[in-house]
>>> print(open('final.tsv').read())   # TSV, C-alpha atoms
chain	number	residue	atom	x	y	z
A	1	MET	CA	-23.79	-39.58	14.61
A	2	THR	CA	-21.29	-37.71	16.76
A	3	LEU	CA	-18.93	-35.78	14.52
A	4	ASP	CA	-15.20	-35.82	15.33
A	5	THR	CA	-13.51	-32.73	13.87
A	6	THR	CA	-10.21	-33.07	15.76
A	7	ALA	CA	-8.20	-33.99	12.65
A	8	LEU	CA	-9.13	-30.71	10.95
A	9	THR	CA	-7.26	-28.53	13.44
A	10	GLN	CA	-4.87	-30.64	15.53
A	11	PRO	CA	-1.06	-30.48	14.97
A	12	ILE	CA	0.18	-33.00	12.40
A	13	ASP	CA	3.43	-34.87	11.83
A	14	ARG	CA	5.08	-33.55	8.65
A	15	ALA	CA	6.82	-36.86	8.09
A	16	LYS	CA	3.45	-38.59	8.01
A	17	VAL	CA	2.16	-35.97	5.59
A	18	ARG	CA	5.06	-36.65	3.23
A	19	ALA	CA	4.53	-40.40	3.51
A	20	PHE	CA	0.82	-39.97	2.79
A	21	SER	CA	1.54	-37.86	-0.31
A	22	LYS	CA	4.11	-40.39	-1.49
A	23	ALA	CA	1.56	-43.19	-1.18
A	24	LEU	CA	-0.94	-41.17	-3.22
A	25	ARG	CA	1.64	-40.53	-5.94
A	26	GLU	CA	2.49	-44.22	-6.09
A	27	LYS	CA	-1.21	-44.92	-6.68
A	28	GLY	CA	-1.28	-42.32	-9.46
A	29	MET	CA	-3.78	-40.15	-7.59
A	30	LEU	CA	-1.65	-36.97	-7.63
A	31	GLN	CA	0.20	-37.29	-10.90
A	32	SER	CA	-1.81	-34.79	-12.93
A	33	ARG	CA	-1.79	-32.13	-10.21
A	34	ALA	CA	1.91	-32.49	-9.51
A	35	PHE	CA	2.60	-32.23	-13.24
A	36	THR	CA	0.56	-29.03	-13.44
A	37	ILE	CA	2.52	-27.47	-10.57
A	38	ILE	CA	5.81	-28.37	-12.22
A	39	VAL	CA	4.73	-26.91	-15.57
A	40	PHE	CA	3.61	-23.63	-14.04
A	41	ALA	CA	6.78	-23.34	-11.98
A	42	PHE	CA	8.90	-24.01	-15.09
A	43	VAL	CA	7.05	-21.42	-17.16
A	44	GLY	CA	7.27	-18.88	-14.35
A	45	LEU	CA	10.99	-19.37	-13.87
A	46	ALA	CA	11.63	-19.28	-17.62
A	47	ALA	CA	9.80	-15.98	-17.87
A	48	LEU	CA	11.69	-14.72	-14.84
A	49	PHE	CA	15.14	-15.47	-16.23
A	50	ILE	CA	14.35	-14.02	-19.67
A	51	VAL	CA	11.86	-11.17	-19.25
A	52	VAL	CA	12.91	-9.60	-15.95
A	53	PRO	CA	16.65	-9.20	-16.67
A	54	THR	CA	15.93	-7.83	-20.12
A	55	PHE	CA	13.38	-5.32	-18.82
A	56	VAL	CA	15.58	-4.10	-15.96
A	57	SER	CA	18.61	-3.83	-18.27
A	58	PHE	CA	16.67	-1.58	-20.62
A	59	MET	CA	15.58	0.54	-17.67
A	60	ALA	CA	19.15	0.81	-16.39
A	61	ILE	CA	20.43	1.87	-19.81
A	62	ALA	CA	17.63	4.39	-20.13
A	63	PHE	CA	18.48	6.05	-16.81
A	64	THR	CA	22.30	5.81	-16.86
A	65	GLY	CA	23.09	5.60	-20.54
A	66	SER	CA	25.34	2.60	-19.89
A	67	SER	CA	24.88	-1.00	-18.86
A	68	GLY	CA	28.30	-1.19	-17.22
A	69	SER	CA	27.43	0.78	-14.09
A	70	VAL	CA	26.27	-0.57	-10.79
A	71	PHE	CA	22.78	-0.76	-12.28
A	72	GLY	CA	24.02	-3.63	-14.37
A	73	LEU	CA	23.85	-5.83	-11.28
A	74	LEU	CA	20.30	-4.80	-10.51
A	75	PRO	CA	18.61	-7.28	-12.89
A	76	PHE	CA	20.34	-10.22	-11.29
A	77	ALA	CA	19.54	-9.05	-7.76
A	78	ILE	CA	15.88	-8.64	-8.64
A	79	MET	CA	15.95	-11.97	-10.45
A	80	LEU	CA	17.29	-13.75	-7.38
A	81	VAL	CA	14.72	-12.13	-5.08
A	82	ILE	CA	11.79	-13.02	-7.35
A	83	ALA	CA	13.13	-16.56	-7.88
A	84	GLY	CA	13.27	-16.99	-4.13
A	85	LEU	CA	9.71	-15.74	-3.75
A	86	ILE	CA	8.46	-18.08	-6.48
A	87	ALA	CA	10.25	-21.05	-4.93
A	88	TRP	CA	8.87	-20.17	-1.49
A	89	ALA	CA	5.32	-19.80	-2.85
A	90	VAL	CA	5.50	-23.13	-4.73
A	91	ILE	CA	6.92	-25.02	-1.75
A	92	ARG	CA	4.42	-23.45	0.64
A	93	GLY	CA	1.52	-24.13	-1.74
A	94	VAL	CA	2.48	-27.76	-2.26
A	95	GLY	CA	3.09	-28.27	1.44
A	96	GLY	CA	-0.21	-26.65	2.41
A	97	ALA	CA	-2.14	-28.75	-0.10
A	98	ALA	CA	-0.45	-31.91	1.17
A	99	ALA	CA	-1.32	-31.09	4.78
A	100	ARG	CA	-4.89	-30.35	3.77
A	101	ARG	CA	-5.25	-33.71	2.01
A	102	TYR	CA	-3.81	-35.50	5.01
A	103	ARG	CA	-6.16	-33.76	7.44
A	104	LEU	CA	-9.22	-34.52	5.31
A	105	SER	CA	-8.20	-38.16	5.06
A	106	LEU	CA	-7.87	-38.42	8.86
A	107	PHE	CA	-11.19	-36.63	9.33
A	108	ALA	CA	-12.89	-39.04	6.92
A	109	SER	CA	-11.49	-42.09	8.72
A	110	ALA	CA	-12.56	-40.76	12.12
A	111	ASN	CA	-16.15	-40.37	10.91
A	112	GLY	CA	-16.77	-43.55	8.93
A	113	MET	CA	-16.04	-42.02	5.54
A	114	THR	CA	-13.45	-42.33	2.80
A	115	TRP	CA	-11.55	-39.49	1.12
A	116	HIS	CA	-10.48	-39.27	-2.52
A	117	PRO	CA	-8.53	-36.36	-4.07
A	118	GLY	CA	-10.96	-36.20	-6.99
A	119	TYR	CA	-11.51	-37.20	-10.57
A	120	SER	CA	-12.79	-35.88	-13.89
A	121	ASN	CA	-16.18	-36.10	-15.60
A	122	PRO	CA	-18.39	-37.31	-12.74
A	123	ARG	CA	-21.41	-39.33	-13.78
A	124	LEU	CA	-24.06	-37.78	-11.54
A	125	PRO	CA	-27.55	-36.70	-12.64
A	126	GLY	CA	-27.62	-33.30	-10.93
A	127	MET	CA	-28.07	-30.09	-12.96
A	128	ILE	CA	-24.52	-28.79	-12.36
A	129	PHE	CA	-22.83	-31.93	-13.69
A	130	ASP	CA	-24.02	-31.52	-17.27
A	131	LEU	CA	-22.59	-28.07	-17.94
A	132	GLY	CA	-19.38	-26.71	-19.42
A	133	ARG	CA	-16.14	-28.61	-19.87
A	134	ASN	CA	-13.16	-29.75	-17.80
A	135	GLN	CA	-15.51	-30.98	-15.09
A	136	GLU	CA	-13.57	-31.90	-11.96
A	137	LEU	CA	-14.47	-33.24	-8.53
A	138	HIS	CA	-12.15	-32.30	-5.67
A	139	ASP	CA	-11.79	-33.78	-2.17
A	140	VAL	CA	-14.58	-36.32	-2.40
A	141	MET	CA	-15.85	-37.60	0.97
A	142	ARG	CA	-18.10	-40.67	0.95
A	143	ARG	CA	-19.89	-43.03	3.28
A	144	THR	CA	-22.30	-45.86	2.60
A	145	GLN	CA	-24.05	-46.30	5.96
A	146	PRO	CA	-26.71	-45.67	7.12
A	147	ARG	CA	-27.35	-44.05	3.71
A	148	THR	CA	-24.98	-43.32	0.83
A	149	LEU	CA	-23.61	-39.82	1.33
A	150	GLU	CA	-21.13	-37.84	-0.78
A	151	VAL	CA	-19.69	-34.39	-0.08
A	152	ALA	CA	-17.31	-32.79	-2.57
A	153	ASN	CA	-16.20	-29.64	-4.33
A	154	TYR	CA	-16.81	-29.30	-8.04
A	155	THR	CA	-15.55	-27.06	-10.85
A	156	TYR	CA	-16.27	-26.69	-14.55
A	157	GLU	CA	-15.32	-24.14	-17.20
A	158	THR	CA	-17.32	-22.13	-19.72
A	159	GLY	CA	-16.30	-19.65	-22.38
A	160	SER	CA	-12.84	-19.25	-23.87
A	161	GLY	CA	-10.07	-16.69	-24.06
A	162	LYS	CA	-10.86	-13.55	-22.09
A	163	ASN	CA	-14.39	-14.86	-21.49
A	164	LYS	CA	-13.21	-18.09	-19.91
A	165	GLN	CA	-14.79	-18.63	-16.50
A	166	THR	CA	-14.33	-21.30	-13.84
A	167	HIS	CA	-17.49	-22.12	-11.89
A	168	ARG	CA	-17.09	-23.46	-8.34
A	169	TRP	CA	-19.69	-25.43	-6.44
A	170	GLY	CA	-19.87	-27.53	-3.32
A	171	TYR	CA	-22.49	-30.24	-3.03
A	172	VAL	CA	-23.91	-32.89	-0.73
A	173	ALA	CA	-25.49	-35.95	-2.36
A	174	LEU	CA	-27.82	-38.33	-0.55
A	175	ARG	CA	-28.98	-41.59	-2.13
A	176	LEU	CA	-32.73	-42.08	-1.84
A	177	ASP	CA	-34.64	-45.31	-1.33
A	178	THR	CA	-36.61	-44.94	-4.56
A	179	PRO	CA	-36.56	-42.76	-7.69
A	180	LEU	CA	-38.65	-39.60	-7.34
A	181	PRO	CA	-39.96	-36.93	-9.72
A	182	HIS	CA	-37.53	-34.19	-10.68
A	183	ILE	CA	-38.05	-31.42	-8.09
A	184	VAL	CA	-35.93	-28.31	-7.51
A	185	LEU	CA	-36.00	-26.03	-4.48
A	186	ASP	CA	-34.39	-22.74	-5.46
A	187	ALA	CA	-33.33	-21.08	-2.21
A	188	VAL	CA	-34.51	-17.47	-2.03
A	189	GLY	CA	-31.87	-16.42	0.47
A	190	ASN	CA	-28.89	-16.97	-1.86
A	191	ASN	CA	-30.38	-15.25	-4.92
A	192	GLY	CA	-28.79	-12.23	-6.54
A	193	LEU	CA	-29.23	-8.56	-5.68
A	194	PHE	CA	-32.35	-8.19	-7.81
A	195	GLY	CA	-33.78	-11.59	-6.89
A	196	GLY	CA	-32.25	-13.51	-9.79
A	197	SER	CA	-31.63	-17.18	-9.15
A	198	ASN	CA	-28.04	-18.33	-8.67
A	199	LEU	CA	-28.85	-21.69	-10.26
A	200	PRO	CA	-27.04	-22.37	-13.55
A	201	ILE	CA	-30.29	-23.49	-15.22
A	202	THR	CA	-33.65	-21.75	-15.56
A	203	PHE	CA	-36.85	-23.77	-15.30
A	204	GLY	CA	-40.20	-22.99	-16.91
A	205	ARG	CA	-42.38	-20.77	-14.75
A	206	ASP	CA	-45.43	-22.94	-15.42
A	207	GLN	CA	-43.75	-25.64	-13.30
A	208	ARG	CA	-43.60	-23.42	-10.21
A	209	LEU	CA	-45.71	-24.77	-7.33
A	210	SER	CA	-46.71	-22.67	-4.34
A	211	LEU	CA	-46.86	-24.43	-1.00
A	212	GLU	CA	-48.62	-23.49	2.21
A	213	GLY	CA	-47.25	-21.47	5.11
A	214	ASP	CA	-44.08	-19.42	4.72
A	215	PHE	CA	-42.30	-22.03	2.59
A	216	ASP	CA	-42.42	-19.80	-0.51
A	217	GLN	CA	-40.49	-17.14	1.40
A	218	HIS	CA	-37.54	-19.54	1.61
A	219	PHE	CA	-37.77	-21.69	-1.52
A	220	ALA	CA	-39.20	-21.57	-5.02
A	221	LEU	CA	-40.36	-25.14	-5.72
A	222	TYR	CA	-40.44	-26.50	-9.27
A	223	CYS	CA	-42.01	-29.84	-10.20
A	224	PRO	CA	-43.02	-31.37	-13.56
A	225	GLU	CA	-46.48	-30.51	-14.81
A	226	GLY	CA	-48.98	-33.08	-13.62
A	227	TYR	CA	-46.90	-33.94	-10.53
A	228	GLU	CA	-48.24	-31.24	-8.24
A	229	ARG	CA	-50.14	-33.78	-6.13
A	230	ASP	CA	-47.01	-35.90	-5.83
A	231	ALA	CA	-44.97	-32.90	-4.69
A	232	LEU	CA	-47.57	-32.18	-2.01
A	233	TYR	CA	-47.38	-35.82	-0.92
A	234	LEU	CA	-43.58	-35.56	-0.57
A	235	PHE	CA	-43.43	-32.10	0.98
A	236	THR	CA	-45.75	-32.43	3.91
A	237	PRO	CA	-45.68	-29.62	6.50
A	238	ASP	CA	-43.16	-31.44	8.71
A	239	VAL	CA	-40.83	-32.04	5.75
A	240	MET	CA	-41.13	-28.42	4.66
A	241	ALA	CA	-40.24	-27.31	8.18
A	242	ARG	CA	-37.06	-29.41	8.13
A	243	PHE	CA	-35.87	-27.82	4.89
A	244	VAL	CA	-36.71	-24.28	6.05
A	245	ASP	CA	-35.01	-24.72	9.42
A	246	ASN	CA	-31.89	-26.51	8.18
A	247	ALA	CA	-31.31	-26.05	4.45
A	248	ALA	CA	-32.59	-22.55	3.63
A	249	ALA	CA	-29.06	-21.46	2.61
A	250	LEU	CA	-28.76	-24.29	0.07
A	251	ASP	CA	-30.37	-25.04	-3.26
A	252	VAL	CA	-31.96	-28.50	-3.42
A	253	GLU	CA	-32.48	-30.88	-6.32
A	254	ILE	CA	-34.26	-34.23	-6.28
A	255	VAL	CA	-33.50	-36.19	-9.42
A	256	ASP	CA	-33.76	-39.95	-10.03
A	257	ASP	CA	-32.84	-41.56	-6.70
A	258	TRP	CA	-30.57	-38.71	-5.51
A	259	LEU	CA	-31.07	-35.62	-3.38
A	260	PHE	CA	-28.48	-32.87	-3.94
A	261	LEU	CA	-27.73	-29.84	-1.78
A	262	TYR	CA	-25.79	-27.13	-3.64
A	263	ALA	CA	-23.71	-24.16	-2.51
A	264	LYS	CA	-21.61	-21.82	-4.66
A	265	ARG	CA	-18.58	-22.38	-2.45
A	266	ASP	CA	-16.43	-25.23	-1.24
A	267	LEU	CA	-18.15	-27.56	1.21
A	268	THR	CA	-15.25	-29.96	1.73
A	269	THR	CA	-13.13	-27.70	3.91
A	270	LEU	CA	-10.97	-27.67	7.03
A	271	ASP	CA	-13.59	-25.61	8.85
A	272	PRO	CA	-15.21	-27.64	11.67
A	273	ALA	CA	-18.24	-25.35	11.77
A	274	THR	CA	-19.03	-26.08	8.11
A	275	TRP	CA	-18.95	-29.82	8.72
A	276	GLU	CA	-21.08	-29.57	11.85
A	277	TRP	CA	-23.67	-27.55	9.93
A	278	LEU	CA	-23.66	-29.97	6.97
A	279	PHE	CA	-24.07	-33.08	9.12
A	280	ALA	CA	-26.81	-31.45	11.19
A	281	THR	CA	-28.60	-30.57	7.94
A	282	VAL	CA	-28.20	-34.09	6.55
A	283	ALA	CA	-29.42	-35.65	9.81
A	284	ALA	CA	-32.50	-33.42	9.89
A	285	ILE	CA	-33.42	-34.22	6.29
A	286	ASP	CA	-32.54	-37.92	6.48
A	287	ASP	CA	-34.90	-38.30	9.41
A	288	LYS	CA	-37.80	-37.59	7.04
A	289	LEU	CA	-36.67	-39.48	3.95
A	290	ALA	CA	-38.10	-42.80	5.11
A	291	GLN	CA	-41.62	-41.59	4.35
A	292	TRP	CA	-40.57	-40.76	0.78
A	293	ALA	CA	-39.69	-44.43	0.22
A	294	ARG	CA	-43.41	-45.24	0.13
A	295	TRP	CA	-44.10	-42.97	-2.84
A	296	ARG	CA	-45.03	-44.64	-6.14
A	297	ASP	CA	-45.84	-43.11	-9.51
A	298	ASP	CA	-49.40	-44.16	-10.33
A	299	ARG	CA	-48.66	-43.54	-14.01
A	300	LEU	CA	-46.56	-46.72	-14.02
A	301	THR	CA	-49.23	-48.92	-12.41
A	302	ARG	CA	-52.06	-49.97	-14.67
A	303	ALA	CA	-54.63	-52.72	-14.22
A	304	THR	CA	-55.46	-55.11	-17.03
A	305	THR	CA	-58.46	-52.91	-17.84
A	306	GLY	CA	-56.14	-49.99	-18.43
A	307	ALA	CA	-57.23	-48.06	-15.34
A	308	VAL	CA	-54.53	-46.21	-13.41
A	309	ALA	CA	-53.86	-47.57	-9.97
A	310	SER	CA	-53.29	-45.47	-6.87
A	311	GLY	CA	-49.70	-44.64	-5.96
A	312	ILE	CA	-50.22	-45.55	-2.29
A	313	PRO	CA	-49.44	-49.19	-1.36
A	314	GLY	CA	-52.59	-51.20	-0.67
A	315	ALA	CA	-54.82	-49.06	-2.84
A	316	THR	CA	-57.40	-50.58	-5.19
A	317	VAL	CA	-58.24	-50.36	-8.89
A	318	GLN	CA	-61.96	-50.11	-9.62
A	319	GLY	CA	-62.69	-51.55	-6.18
A	320	ALA	CA	-60.40	-54.60	-6.52
A	321	PRO	CA	-57.10	-54.95	-4.60
A	322	LEU	CA	-53.92	-54.78	-6.62
A	323	LEU	CA	-52.47	-58.19	-7.39
A	324	THR	CA	-48.89	-56.86	-7.35
A	325	PRO	CA	-47.29	-53.91	-5.54
A	326	PRO	CA	-46.82	-50.75	-7.62
A	327	PRO	CA	-43.37	-50.67	-9.26
A	328	ALA	CA	-40.70	-48.18	-8.22
A	329	GLY	CA	-39.74	-45.57	-10.76
A	330	VAL	CA	-40.92	-42.38	-12.42
A	331	ALA	CA	-42.82	-42.04	-15.69
A	332	ARG	CA	-40.99	-40.29	-18.51
A	333	GLU	CA	-42.86	-36.99	-18.13
A	334	GLY	CA	-41.80	-36.69	-14.49
A	335	ARG	CA	-38.11	-37.52	-14.81
A	336	ARG	CA	-36.89	-34.07	-15.86
A	337	LEU	CA	-38.15	-30.55	-15.50
A	338	LYS	CA	-38.54	-28.47	-18.65
A	339	ARG	CA	-35.99	-25.73	-18.96
A	340	GLY	CA	-37.01	-22.12	-19.35
A	341	ILE	CA	-35.48	-19.01	-20.89
A	342	PRO	CA	-33.42	-16.77	-18.56
A	343	VAL	CA	-34.82	-13.29	-17.89
A	344	TRP	CA	-31.64	-11.66	-19.16
A	345	SER	CA	-32.36	-13.17	-22.60
A	346	PHE	CA	-35.56	-11.14	-22.85
A	347	VAL	CA	-33.65	-8.03	-21.75
A	348	VAL	CA	-31.06	-8.55	-24.50
A	349	ILE	CA	-33.76	-9.17	-27.13
A	350	ALA	CA	-35.72	-6.12	-26.00
A	351	GLY	CA	-32.56	-3.98	-26.09
A	352	PHE	CA	-31.68	-5.19	-29.58
A	353	ALA	CA	-35.25	-4.53	-30.79
A	354	ALA	CA	-35.18	-1.02	-29.30
A	355	TRP	CA	-31.83	-0.30	-30.97
A	356	TRP	CA	-33.14	-1.58	-34.32
A	357	ILE	CA	-36.25	0.60	-34.10
A	358	LEU	CA	-34.27	3.71	-33.15
A	359	THR	CA	-31.66	3.26	-35.87
A	360	THR	CA	-33.87	1.91	-38.66
A	361	VAL	CA	-37.24	3.59	-38.21
A	362	PHE	CA	-36.41	6.87	-36.50
A	363	GLY	CA	-32.91	7.16	-37.88
A	364	ARG	CA	-34.11	7.95	-41.40
>>> encode(input="final.tsv", output="structure tokens")
Amino acid sequence: MTLDTTALTQPIDRAKVRAFSKALREKGMLQSRAFTIIVFAFVGLAALFIVVPTFVSFMAIAFTGSSGSVFGLLPFAIMLVIAGLIAWAVIRGVGGAAARRYRLSLFASANGMTWHPGYSNPRLPGMIFDLGRNQELHDVMRRTQPRTLEVANYTYETGSGKNKQTHRWGYVALRLDTPLPHIVLDAVGNNGLFGGSNLPITFGRDQRLSLEGDFDQHFALYCPEGYERDALYLFTPDVMARFVDNAAALDVEIVDDWLFLYAKRDLTTLDPATWEWLFATVAAIDDKLAQWARWRDDRLTRATTGAVASGIPGATVQGAPLLTPPPAGVAREGRRLKRGIPVWSFVVIAGFAAWWILTTVFGR
């Protein structure tokens, strides 16, 4: 499809932006975010009117020995300046967010999609959606034709107190024609400085499958044990070339009847170049997904004699044609990859063991 990115950059009518935000509030789609902004502004102003004047007054007394001098007016002057800055920042932030929502909505409409501000606790099978707490989707873009597509930003939290951390992801989700085995392509190009994966989950090394050509230089492919032949059926040389040429900067997960593309940054943005890249990537991959629709798990197809049928339509069992087509689906052992232990865990254990030996054995 031809992508229209005009709405992302063209001038907008502020009155229409306000009307759009009002309509969202009336639908209850902005209530929680507006409430959060109000709470933070209230807390900030309360701290401003109590803490700042008190602090500056103490400083004035310390330097002049009296609070009745001209320094006595200093707290209020500083208070007014900071209050103005806070008010300006809040108004600008709210106005910028409103304009951004409006632009994304127009962009979605111009390209056959819908926009939603977001919601909590998404029910998606991808690896990032089952971690942490306070899981939130933001700026969700969807379309249903020619294939269900969803692009959104996602956050979740881990830890608490000083160790609290907010994790940010952007993802593209494509609905597949049939459920497939759980397969992960860990992009090599976005790994850490020492080659560590940026994925939030580690998978068992015995599930790593090496493919032909230079594919391994771009992706580390993981598939369930026993599904190596199925992975080779799905990732033919032409399919591998599409992923290398178009999605090498993204991590890929195939799970159930979904294909996810992950990035550790926002993908729903006002940047036209990001959208052009995403849609070019989706188009290149989607062009090859039709051949995946023919895949069947031969573990689910058994003849009356108990023999396993071939996963390719039209195959035979013990020389006789199948009476019914193989069913769609994936056997239990192929639905999820087995998780592994992160490398840093071994480093911590080894360090603890070394410390114990040094302090217990040699410390005597």
>>> atom_distance(input="final.tsv", atom1="atom CA of Ala99 of chain A", atom2="atom CA of Gly112 of chain A")
20.3 Å
>>> closest_residue(input="final.tsv", among="A:Ile341, A:Leu209, A:Leu104, A:Leu250", to="Leu232 of chain A", atoms="only C-alpha atoms")
A:Leu209
>>> atom_distance(input="final.tsv", atom1="atom CA of Arg205 of chain A", atom2="atom CA of Arg339 of chain A")
9.1 Å
>>> closest_residue(input="final.tsv", among="A:Pro11, A:Pro117, A:Pro327, A:Gly189", to="Met29 of chain A", atoms="all atoms listed in the file")
A:Pro117
>>> closest_residue(input="final.tsv", among="A:Lys22, A:His116, A:Arg332, A:Arg296", to="Arg142 of chain A", atoms="all atoms listed in the file")
A:His116
>>> residues_around(input="final.tsv", residues="segment 254-265 of chain A", least_positions_apart="4", cutoff="6 Å", atoms="only C-alpha atoms", output="PyMOL selection string")
chain A and resi 169-176+178-180+182-183+250
>>> axis_aligned_box(input="final.tsv", around="segment 128-138 of chain A", padding_each_side="5 Å", output="JSON")
{"center_x": -18.3, "center_y": -30.0, "center_z": -12.8, "size_x": 22.4, "size_y": 16.5, "size_z": 24.2}
>>> closest_residue(input="final.tsv", among="A:Asp287, A:Asp4, A:Asp13, A:Asp251", to="Val239 of chain A", atoms="all atoms listed in the file")
A:Asp287
>>> atom_distance(input="final.tsv", atom1="atom CA of Leu300 of chain A", atom2="atom CA of Gly226 of chain A")
13.9 Å
>>> closest_residue(input="final.tsv", among="A:Tyr233, A:Met127, A:Gly159, A:Leu137", to="Val252 of chain A", atoms="only C-alpha atoms")
A:Met127
>>> residues_around(input="final.tsv", residues="Asn246 of chain A", least_positions_apart="2", cutoff="12 Å", atoms="all atoms listed in the file", output="PyMOL selection string")
chain A and resi 187+218+239-244+248-252+261+276-286
>>> closest_residue(input="final.tsv", among="A:Ala247, A:Leu267, A:Ala231, A:Leu149", to="Asp186 of chain A", atoms="all atoms listed in the file")
A:Ala247
>>> residues_around(input="final.tsv", residues="Ser197 of chain A", least_positions_apart="3", cutoff="10 Å", atoms="all atoms listed in the file", output="VMD selection string")
chain A and resid 186 to 194 200 to 202 220 251 342
>>> write_last_selection(input="final.tsv", atoms="C-alpha atoms", output="compact mmCIF listing (two decimals), keeping the file's coordinate frame")
# COMPACT_ATOMS: atom_id res chain seq x y z
CA ASP A 186 -34.39 -22.74 -5.46
CA ALA A 187 -33.33 -21.08 -2.21
CA VAL A 188 -34.51 -17.47 -2.03
CA GLY A 189 -31.87 -16.42 0.47
CA ASN A 190 -28.89 -16.97 -1.86
CA ASN A 191 -30.38 -15.25 -4.92
CA GLY A 192 -28.79 -12.23 -6.54
CA LEU A 193 -29.23 -8.56 -5.68
CA PHE A 194 -32.35 -8.19 -7.81
CA PRO A 200 -27.04 -22.37 -13.55
CA ILE A 201 -30.29 -23.49 -15.22
CA THR A 202 -33.65 -21.75 -15.56
CA ALA A 220 -39.20 -21.57 -5.02
CA ASP A 251 -30.37 -25.04 -3.26
CA PRO A 342 -33.42 -16.77 -18.56
>>> residues_around(input="final.tsv", residues="Phe203 of chain A", least_positions_apart="5", cutoff="7 Å", atoms="all atoms listed in the file", output="list in words")
Leu337, Lys338, Arg339 and Gly340 of chain A
